[in-house]
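Student: One structure, as structure tokens, below. Some questions next.
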Amino acid sequence: MHDPVLVVEGLKKSFDDKAVLKDIHFKVYPGQIIGYIGPNGAGKSTTVKIFLGMLEKDGGQIHMFGQPLQKGDFKYKHRIGYVPEQSEVYENLTASEYLEFVGGMYGLPTDEVDAKAQALLDLFGIAESYHSRISSYSKGMRQKLLIIAAMIHDPDILFLDEPLSGLDANSVMVFKEILARLKARGKTIFYSSHIMEVVEKISDRILLLQSGEIVADGSFEELRTQSAEGSLQEIFNQLTGFNEHAEIAEKFVDILRRRSS
């Protein structure tokens with residue numbers, strides 16, 4: 001077996017004395033698609049931001065590509081890509097200018113970025129907007145641009161946070177196929193999402209985070225064996241103890257039917 005590309009040992013993080021991550025341990029290997037799931041506030045985004053150097057950990061060790069991550073490290077970032085949940089981009093730039101800026105941060109020559117960018121935008125069906133300002137882009141177009149920006153330097157690890165947001169059905173199919181091809185090339189994908197159907201289908205391994213702790217770790221079939229038969233959503237509900245969805249929905253609809261006297 002290959003050496004792990006990511007090793008997390010005893011990771012801890014708190015905000016205002018509230019423990020968000022509590023002694024997290026796991027290893028990730030090349031060619032794996034990891035589904036990283038959990039309720040809102042479980043610590044998923046905090047974990048990824050620590051990996052990216054956007055937040056500092058309070059305790060524990062992280063090794064990426066065999067080297068410990070230290071405060072101020074940046075060399076490893078040339079080998080990772082990130083699609084954030086919120087699409088924050090420089091709206092006054094054109095896609096051409098934005099991707100040239102991103103590619104430059106990764107040390108790519110301008111002509112290489114330009115050739116790659118135009119070809120990738122064309123495959124996503126938005127090549128005609130290459131020289132248009134991002135402020136004119138729809139949500140789906142911005143998401144495609146973020147995906148291209150995260151991948152243009154051919155990273156070894158991709159961190160994806162709700163990457164399908166705003167994409168049309170055809171683009172979702174293309175994107176899932178892209179992930180499968182990257183996996184086949186030995187790339188690692190760390191995929192965080194609330195869309196359980198997608199996580200269930202694409203992930204080799206699923207990590208379920210609840211209240212800052214890993215409460216399940218395994219393939220979908222292994223999780224089914226450990227808990228109960230059913231979809232990933234049903235397993236998720238069982239492991240997180242959430243079984244009030246039907247009752248809440250019924251109350252919600254009842255309120256809509258009320259009439260003032």
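Ordering of the structure tokens sets the chain letters (A, B, ...); residue numbers start at 1 within each chain; ligands are numbered from 1 in the order shown.
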Which polymer residues have any atom within 12 Å of an atom of Thr46 of chain A, counting only C-alpha atoms, with same-chain residues fewer than 4 positions away left out, as a ChimeraX atom specification?
Tutor: /A:11-15,19-22,24,36,40-42,50-58,84,161,192,209,212
Student: So that I can see what lies close to Ser138 of chain A, please list as a VMD selection string the residues with an atom at most 12 Å from it, counting only C-alpha atoms and leaving out residues fewer than 2 positions away in the same chain.
Tutor: chain A and resid 87 91 126 129 132 to 136 140 to 145 165 to 168
Student: Under the rule that only C-alpha atoms are counted, which of A:Lys139, A:Ser211, A:Phe190, A:Ile33 is the nearest residue to Lys18 of chain A?
Tutor: A:Ser211
Student: Mind giving me the straight-line distance from atom CA of Pro155 of chain A to atom CA of Gly81 of chain A in Å, one decimal?
Tutor: 5.8 Å
Student: For Ile178 of chain A, which of A:Tyr130, A:Phe220, A:Phe26, A:Phe124 is the closest residue, counting only C-alpha atoms?
Tutor: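 Residue with the minimum atom-to-atom distance to Ile178 of chain A: A:Phe124.
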Student: Which one is closest to Met173 of chain A: A:Ser203, A:Val198, A:Gln70, A:Ile235? Count only C-alpha atoms.
Tutor: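 Looking at the shortest contact to Met173 of chain A, the residue is A:Val198.
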Student: In segment 3-62 of chain A, what's helix (DSSP H, G or I) per DSSP? Answer as a ChimeraX atom specification?
Tutor: /A:44-51
Student: Would you output that residue set with C-alpha atoms, as a PDB file, in the first residue's frame?
Tutor:
ATOM      1  CA  LYS A  44     -16.191  19.959   8.764  1.00  0.00           C
ATOM      2  CA  SER A  45     -15.254  23.388   7.400  1.00  0.00           C
ATOM      3  CA  THR A  46     -12.980  24.034  10.378  1.00  0.00           C
ATOM      4  CA  THR A  47     -11.059  20.838   9.600  1.00  0.00           C
ATOM      5  CA  VAL A  48     -10.529  21.798   5.964  1.00  0.00           C
ATOM      6  CA  LYS A  49      -9.528  25.379   6.795  1.00  0.00           C
ATOM      7  CA  ILE A  50      -6.856  24.032   9.147  1.00  0.00           C
ATOM      8  CA  PHE A  51      -5.526  21.823   6.334  1.00  0.00           C
TER       9      PHE A  51
END
Student: In Å, rounded to a single decimal, give me how far atom CA of Glu234 of chain A is from atom CA of Val7 of chain A.
Tutor: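 Here the two named atoms are 29.1 Å from each other.
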Student: Using DSSP secondary structure from the backbone, list all strand (DSSP E) positions within segment 28-220 of chain A, as an MDAnalysis selection string.
Tutor: chainID A and resid 28 33:37 59:64 67:68 80:83 157:161 188:192 205:210 213:218
Student: Please, could you write that set of residues out with N, CA, C and O atoms as a compact mmCIF listing (two decimals), in the first residue's frame?
Tutor:
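part_25.txt was written with the following content:
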# COMPACT_ATOMS: atom_id res chain seq x y z
N VAL A 28 -5.40 9.37 5.13
CA VAL A 28 -5.96 9.37 3.78
C VAL A 28 -4.87 8.94 2.80
O VAL A 28 -3.73 9.40 2.90
N ILE A 33 -11.38 8.73 -2.65
CA ILE A 33 -12.37 9.80 -2.55
C ILE A 33 -13.00 9.68 -1.17
O ILE A 33 -13.68 8.69 -0.87
N ILE A 34 -12.73 10.66 -0.33
CA ILE A 34 -13.21 10.66 1.05
C ILE A 34 -14.45 11.54 1.14
O ILE A 34 -14.41 12.73 0.82
N GLY A 35 -15.56 10.97 1.59
CA GLY A 35 -16.75 11.75 1.87
C GLY A 35 -16.70 12.20 3.32
O GLY A 35 -16.70 11.36 4.24
N TYR A 36 -16.62 13.51 3.54
CA TYR A 36 -16.51 14.06 4.89
C TYR A 36 -17.83 14.72 5.23
O TYR A 36 -18.14 15.80 4.72
N ILE A 37 -18.63 14.08 6.06
CA ILE A 37 -19.99 14.54 6.30
C ILE A 37 -20.25 14.76 7.79
O ILE A 37 -19.50 14.28 8.63
N GLY A 59 -4.18 21.85 18.85
CA GLY A 59 -3.41 20.69 19.28
C GLY A 59 -3.41 19.62 18.23
O GLY A 59 -4.19 19.65 17.28
N GLY A 60 -2.50 18.66 18.37
CA GLY A 60 -2.41 17.56 17.41
C GLY A 60 -1.38 17.81 16.33
O GLY A 60 -0.71 18.84 16.30
N GLN A 61 -1.28 16.82 15.43
CA GLN A 61 -0.31 16.87 14.34
C GLN A 61 -0.99 16.60 13.01
O GLN A 61 -1.91 15.78 12.94
N ILE A 62 -0.53 17.28 11.98
CA ILE A 62 -1.00 17.03 10.61
C ILE A 62 0.22 16.85 9.72
O ILE A 62 1.13 17.70 9.72
N HIS A 63 0.26 15.74 9.02
CA HIS A 63 1.30 15.50 8.02
C HIS A 63 0.65 15.43 6.64
O HIS A 63 -0.33 14.71 6.46
N MET A 64 1.17 16.19 5.71
CA MET A 64 0.68 16.14 4.34
C MET A 64 1.86 15.89 3.41
O MET A 64 2.89 16.56 3.51
N GLN A 67 5.19 15.33 5.23
CA GLN A 67 5.84 16.39 5.98
C GLN A 67 4.86 17.02 6.97
O GLN A 67 3.69 17.20 6.65
N PRO A 68 5.35 17.38 8.17
CA PRO A 68 4.46 18.02 9.14
C PRO A 68 4.09 19.43 8.68
O PRO A 68 4.93 20.17 8.16
N ILE A 80 -2.14 21.22 -3.70
CA ILE A 80 -3.53 21.05 -3.30
C ILE A 80 -4.42 22.04 -4.04
O ILE A 80 -3.96 23.08 -4.52
N GLY A 81 -5.71 21.71 -4.13
CA GLY A 81 -6.70 22.60 -4.71
C GLY A 81 -7.90 22.68 -3.79
O GLY A 81 -8.17 21.75 -3.02
N TYR A 82 -8.66 23.77 -3.88
CA TYR A 82 -9.76 24.00 -2.94
C TYR A 82 -10.92 24.68 -3.64
O TYR A 82 -10.75 25.72 -4.28
N VAL A 83 -12.10 24.06 -3.52
CA VAL A 83 -13.35 24.70 -3.96
C VAL A 83 -14.15 25.02 -2.71
O VAL A 83 -14.64 24.11 -2.04
N ILE A 157 -4.09 16.69 -4.19
CA ILE A 157 -5.24 16.58 -3.29
C ILE A 157 -6.22 17.71 -3.59
O ILE A 157 -5.81 18.88 -3.70
N LEU A 158 -7.49 17.36 -3.72
CA LEU A 158 -8.55 18.35 -3.91
C LEU A 158 -9.43 18.37 -2.67
O LEU A 158 -9.92 17.33 -2.24
N PHE A 159 -9.63 19.55 -2.12
CA PHE A 159 -10.56 19.74 -1.02
C PHE A 159 -11.80 20.43 -1.58
O PHE A 159 -11.72 21.57 -2.07
N LEU A 160 -12.92 19.74 -1.52
CA LEU A 160 -14.15 20.22 -2.14
C LEU A 160 -15.23 20.41 -1.07
O LEU A 160 -15.57 19.47 -0.36
N ASP A 161 -15.77 21.62 -0.98
CA ASP A 161 -16.81 21.94 0.00
C ASP A 161 -18.07 22.33 -0.77
O ASP A 161 -18.14 23.42 -1.31
N THR A 188 -6.21 12.41 -4.86
CA THR A 188 -7.02 12.24 -3.66
C THR A 188 -8.05 13.35 -3.59
O THR A 188 -7.71 14.53 -3.79
N ILE A 189 -9.29 12.99 -3.30
CA ILE A 189 -10.37 13.97 -3.20
C ILE A 189 -10.99 13.91 -1.82
O ILE A 189 -11.41 12.84 -1.36
N PHE A 190 -11.00 15.04 -1.14
CA PHE A 190 -11.61 15.18 0.19
C PHE A 190 -12.89 15.98 -0.01
O PHE A 190 -12.86 17.18 -0.23
N TYR A 191 -14.03 15.28 0.05
CA TYR A 191 -15.30 15.81 -0.44
C TYR A 191 -16.27 16.03 0.73
O TYR A 191 -16.70 15.08 1.37
N SER A 192 -16.60 17.29 0.98
CA SER A 192 -17.54 17.63 2.05
C SER A 192 -18.84 18.12 1.44
O SER A 192 -18.84 19.03 0.60
N ARG A 205 -14.70 5.96 0.85
CA ARG A 205 -14.67 5.94 2.31
C ARG A 205 -15.40 7.16 2.83
O ARG A 205 -15.29 8.25 2.24
N ILE A 206 -16.14 6.97 3.90
CA ILE A 206 -16.94 8.06 4.47
C ILE A 206 -16.54 8.27 5.92
O ILE A 206 -16.47 7.33 6.71
N LEU A 207 -16.24 9.53 6.25
CA LEU A 207 -15.96 9.92 7.62
C LEU A 207 -17.14 10.75 8.11
O LEU A 207 -17.49 11.76 7.49
N LEU A 208 -17.77 10.32 9.19
CA LEU A 208 -18.90 11.04 9.76
C LEU A 208 -18.45 11.76 11.02
O LEU A 208 -18.02 11.13 11.99
N LEU A 209 -18.55 13.08 10.97
CA LEU A 209 -18.13 13.92 12.08
C LEU A 209 -19.35 14.43 12.82
O LEU A 209 -20.29 14.96 12.21
N GLN A 210 -19.36 14.25 14.12
CA GLN A 210 -20.45 14.76 14.94
C GLN A 210 -19.90 15.34 16.24
O GLN A 210 -19.12 14.69 16.93
N GLU A 213 -16.18 14.99 16.73
CA GLU A 213 -15.56 13.68 16.85
C GLU A 213 -15.95 12.80 15.66
O GLU A 213 -17.06 12.91 15.14
N ILE A 214 -15.04 11.94 15.23
CA ILE A 214 -15.34 10.97 14.18
C ILE A 214 -16.15 9.84 14.80
O ILE A 214 -15.64 9.10 15.66
N VAL A 215 -17.41 9.69 14.38
CA VAL A 215 -18.27 8.65 14.96
C VAL A 215 -18.46 7.47 14.00
O VAL A 215 -19.02 6.45 14.40
N ALA A 216 -17.99 7.60 12.77
CA ALA A 216 -18.04 6.49 11.82
C ALA A 216 -16.96 6.69 10.77
O ALA A 216 -16.70 7.82 10.35
N ASP A 217 -16.35 5.60 10.33
CA ASP A 217 -15.27 5.66 9.34
C ASP A 217 -15.27 4.34 8.57
O ASP A 217 -15.00 3.28 9.13
N GLY A 218 -15.61 4.40 7.29
CA GLY A 218 -15.60 3.20 6.47
C GLY A 218 -16.30 3.43 5.15
O GLY A 218 -16.80 4.53 4.87
Student: Check the smallest atom-to-atom distance from each of A:Gln86, A:Leu164, A:Lys187, A:Lys116 to Pro4 of chain A using only C-alpha atoms, then report the winner.
Tutor: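 Result for the nearest residue to Pro4 of chain A: A:Lys187.
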Student: What's the separation between atom CA of Lys27 of chain A and atom CA of Val5 of chain A, in Å to one decimal place?
Tutor: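 A separation of 7.8 Å between them.
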Student: Return the single residue from A:Ile147, A:Arg224, A:Phe65, A:His194 that is closest to Val172 of chain A, with distances computed using only C-alpha atoms.
Tutor: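 Nearest candidate to Val172 of chain A out of A:Ile147, A:Arg224, A:Phe65, A:His194: A:Ile147.
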Student: Between A:His153, A:Arg185, A:Lys176, A:His2, single out the one closest to Arg79 of chain A, counting only C-alpha atoms.
Tutor: A:His153
